[in-house]
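Working notes for the structure below.
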Amino acid sequence: MTTPADPFAILRTKKYMALLILAAVLGVVISFLVYWYLKLIADIQTWVFTDLPKSLGFHGEPAWWPVLAVKLAGRDVPASTGAVIAATGSFAALSTLLGNPLSGAFLLLEASGLGGPMATIVLIPGLLGAGIGSLIFLGLGVVTGYGTFSLAIPDLPPAAHLDVAQFGWALAIGAAAAVICSAIRWLALFLRPHVERRLVLLTPLAGLVIAGLAIAFGEATGKPSSAVLFSGQEALPPLLEHAASYTAGTLVLLVACKGIAYAISLSSFRGGPTFPGMFIGAAGGIALSHLPGLPMVAGAAIGIGAMTAGMLQLPMTAVLLTTLFLGTDGIKVMPLVIVAVVVSFVLSKWLAGPPPAPQVPEPSAAAIPPQVR
């Protein structure tokens with residue numbers, strides 16, 4: 001019987017040491033670029049929605065202003081090395097965006113589908129890049145005075161003690177999130193082929209529809225239209241911090257408008273599933289917290305976890321991301337988040353059904369041997 005090869009032998013090679021050095025360099029470079037990219041996005045949003053309207057003589061953002069958002073959308077390396085380098089860059093970028101290296105690590109680990117020793121081999125450079133990237137990101141925030149732009153909630157009311165009613169809400173919200181996520185994906189997939197056939201015509205039209213949803217929400221509620229218009233990354237902390245200022249009706253309308261805009265964006269524009277899903281989950285959870293038996297923080301945490309699991313299809317990442325995002329309160333309500341995440345993930349798989357069987361083309365008559373014809 002032969003002895004199996006040492007899967008960790010690669011860790012002792014000079015090439016792997018060079019890869020770790022490259023990971024550290026990538027962590028520095030990517031975190032630097034991501035920091036200034038986020039600063040640029042924040043400045044552009046402030047200029048477009050605050051400074052520009054005032055400079056044009058408006059007292060504030062006009063109701064029709066969201067229509068400005070309408071727009072159109074080296075050397076060869078071995079595949080394995082390229083995959084690790086790409087994963088390292090993703091680790092560093094995600095760790096800065098999500099505010100913690102571990103959340104980026106879990107997301108990439110689950111998304112890559114890797115397991116066993118190979119997962120560790122890929123994780124080590126990724127964690128190194130994420131850790132160094134986080135240090136650079138935090139340092140830039142202190143040196144520049146602009147902050148870190150990471151997704152984090154500084155001040156939240158303390159979470160209430162868990163009880164049976166809250167676990168019941170976790171089950172219900174997990175099931176509802178699976179249905180909502182399935183509806184969003186269905187609408188996006190339904191619209192995508194129609195948009196792709198007439199890309200130049202229908203992409204601006206899709207942008208106008210999204211702008212109309214944002215305007216309708218702002219006019220109906222008096223809340224900023226940016227809550228519908230953008231991804232939700234910057235709007236999520238204020239939503240939780242000022243949850244008491246939102247009525248249940250406002251939050252329900254926000255979930256509806258954001259969900260439709262989200263599906264249209266997935267079908268027509270660039271964008272990812274993470275932050276809009278988190279935002280919709282938080283808004284829905286806060287809306288349900290107006291009912292008996294569900295505290296606000298618990299409702300928001302359950303909604304965030306359930307929608308993240310339903311949209312990303314990464315249950316471990318959903319639990320970790322929600323817990324780290326809410327800090328101490330996230331740890332207290334983690335059992336509720338786990339229940340909601342599991343329900344949302346499993347039910348969304350049931351609703352999606354089995355993958356379609358691959359279609360095998362029928363052989364042509366010319367391809368059939370004469371003795372079989």
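Residue numbering restarts at 1 in every chain; chains get A, B, ... in the order shown in the structure tokens, and ligands count up from 1 in that same order.
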
Spatial neighbours of region 305-317 of chain A, 6 Å, only C-alpha atoms, chain gap at least 4 places, as an MDAnalysis selection string: chainID A and resid 106:107 174 177:178 181 277:278 281 321:322 337 340:341 344:345

Could you write those residues out with all heavy atoms, as a compact mmCIF listing (two decimals), in the first residue's frame?
# COMPACT_ATOMS: atom_id res chain seq x y z
N PHE A 106 -14.55 33.68 4.95
CA PHE A 106 -15.64 32.72 4.90
C PHE A 106 -16.38 32.81 3.58
O PHE A 106 -16.75 31.79 2.99
CB PHE A 106 -16.62 32.97 6.07
CG PHE A 106 -16.37 32.10 7.24
CD1 PHE A 106 -15.22 32.24 8.00
CD2 PHE A 106 -17.27 31.11 7.60
CE1 PHE A 106 -14.97 31.44 9.09
CE2 PHE A 106 -17.03 30.30 8.68
CZ PHE A 106 -15.87 30.46 9.44
N LEU A 107 -16.61 34.03 3.10
CA LEU A 107 -17.35 34.18 1.86
C LEU A 107 -16.60 33.52 0.71
O LEU A 107 -17.18 32.77 -0.08
CB LEU A 107 -17.58 35.67 1.58
CG LEU A 107 -18.63 36.02 0.52
CD1 LEU A 107 -19.16 37.43 0.78
CD2 LEU A 107 -18.06 35.96 -0.88
N GLY A 174 -37.34 33.50 8.02
CA GLY A 174 -36.50 32.68 7.15
C GLY A 174 -37.29 32.16 5.95
O GLY A 174 -36.79 32.18 4.81
N ALA A 177 -38.10 35.13 3.61
CA ALA A 177 -36.92 35.57 2.87
C ALA A 177 -36.64 34.65 1.68
O ALA A 177 -36.25 35.12 0.60
CB ALA A 177 -35.71 35.62 3.80
N ALA A 178 -36.83 33.34 1.88
CA ALA A 178 -36.61 32.40 0.77
C ALA A 178 -37.56 32.70 -0.38
O ALA A 178 -37.16 32.67 -1.56
CB ALA A 178 -36.81 30.97 1.26
N CYS A 181 -36.42 36.09 -2.03
CA CYS A 181 -35.20 35.89 -2.82
C CYS A 181 -35.52 35.15 -4.12
O CYS A 181 -34.99 35.49 -5.19
CB CYS A 181 -34.17 35.10 -2.01
SG CYS A 181 -33.46 36.02 -0.62
N GLY A 277 -29.44 42.79 -0.73
CA GLY A 277 -30.13 41.75 0.03
C GLY A 277 -30.10 42.02 1.52
O GLY A 277 -31.10 41.85 2.22
N MET A 278 -28.94 42.44 2.03
CA MET A 278 -28.83 42.78 3.45
C MET A 278 -29.78 43.93 3.80
O MET A 278 -30.44 43.91 4.85
CB MET A 278 -27.40 43.15 3.79
CG MET A 278 -26.41 42.00 3.72
SD MET A 278 -24.71 42.52 4.07
CE MET A 278 -24.85 42.98 5.81
N GLY A 281 -33.39 42.78 3.84
CA GLY A 281 -33.62 41.97 5.03
C GLY A 281 -33.75 42.81 6.28
O GLY A 281 -34.63 42.58 7.13
N LEU A 321 -21.36 36.98 8.66
CA LEU A 321 -21.46 38.38 8.24
C LEU A 321 -22.44 39.14 9.11
O LEU A 321 -22.16 40.26 9.56
CB LEU A 321 -21.88 38.45 6.77
CG LEU A 321 -22.04 39.83 6.16
CD1 LEU A 321 -20.76 40.64 6.31
CD2 LEU A 321 -22.42 39.72 4.70
N THR A 322 -23.59 38.55 9.39
CA THR A 322 -24.59 39.21 10.23
C THR A 322 -24.07 39.41 11.64
O THR A 322 -24.26 40.48 12.25
CB THR A 322 -25.89 38.38 10.27
OG1 THR A 322 -26.36 38.17 8.93
CG2 THR A 322 -26.96 39.08 11.07
N VAL A 337 -30.39 34.03 14.23
CA VAL A 337 -29.87 34.18 12.87
C VAL A 337 -29.62 32.81 12.25
O VAL A 337 -29.94 32.58 11.07
CB VAL A 337 -28.58 35.02 12.88
CG1 VAL A 337 -27.96 35.08 11.49
CG2 VAL A 337 -28.87 36.44 13.37
N ALA A 340 -32.93 31.24 11.15
CA ALA A 340 -33.47 31.90 9.95
C ALA A 340 -32.65 31.58 8.72
O ALA A 340 -33.19 31.35 7.63
CB ALA A 340 -33.52 33.41 10.18
N VAL A 341 -31.33 31.54 8.87
CA VAL A 341 -30.44 31.25 7.74
C VAL A 341 -30.69 29.84 7.21
O VAL A 341 -30.79 29.62 6.00
CB VAL A 341 -28.97 31.44 8.16
CG1 VAL A 341 -28.03 30.73 7.19
CG2 VAL A 341 -28.63 32.92 8.24
N SER A 344 -34.10 29.70 5.43
CA SER A 344 -34.06 30.41 4.16
C SER A 344 -33.25 29.63 3.12
O SER A 344 -33.68 29.50 1.96
CB SER A 344 -33.43 31.80 4.37
OG SER A 344 -33.29 32.48 3.15
N PHE A 345 -32.10 29.12 3.51
CA PHE A 345 -31.24 28.41 2.57
C PHE A 345 -31.91 27.13 2.06
O PHE A 345 -31.95 26.88 0.85
CB PHE A 345 -29.92 28.08 3.25
CG PHE A 345 -28.98 27.27 2.40
CD1 PHE A 345 -28.33 27.85 1.33
CD2 PHE A 345 -28.75 25.94 2.66
CE1 PHE A 345 -27.45 27.11 0.54
CE2 PHE A 345 -27.89 25.19 1.88
CZ PHE A 345 -27.23 25.78 0.81

Could you give me, as a ChimeraX atom specification, each residue of region 202-248 of chain A that DSSP assigns to alpha helix (DSSP H) when run on this structure's backbone? /A:202-221,226-229,236-241,248

With a distance cut-off of 8 Å and only C-alpha atoms, select the neighbouring residues of region 191-194 of chain A, excluding the residue or stretch itself and same-chain residues fewer than 4 positions from it, and output the selection as a PyMOL selection string. chain A and resi 187+198+264+267-268

Check the smallest atom-to-atom distance from each of A:Phe167, A:Tyr262, A:Trp186, A:Trp350 to Val333 (chain A) using only C-alpha atoms, then report the winner. A:Phe167

Coordinates-based distance that separates CA of Thr323 (chain A) from CA of Gly145 (chain A) (Å, one decimal):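 Going from CA of Gly145 (chain A) over to CA of Thr323 (chain A) covers 27.1 Å.
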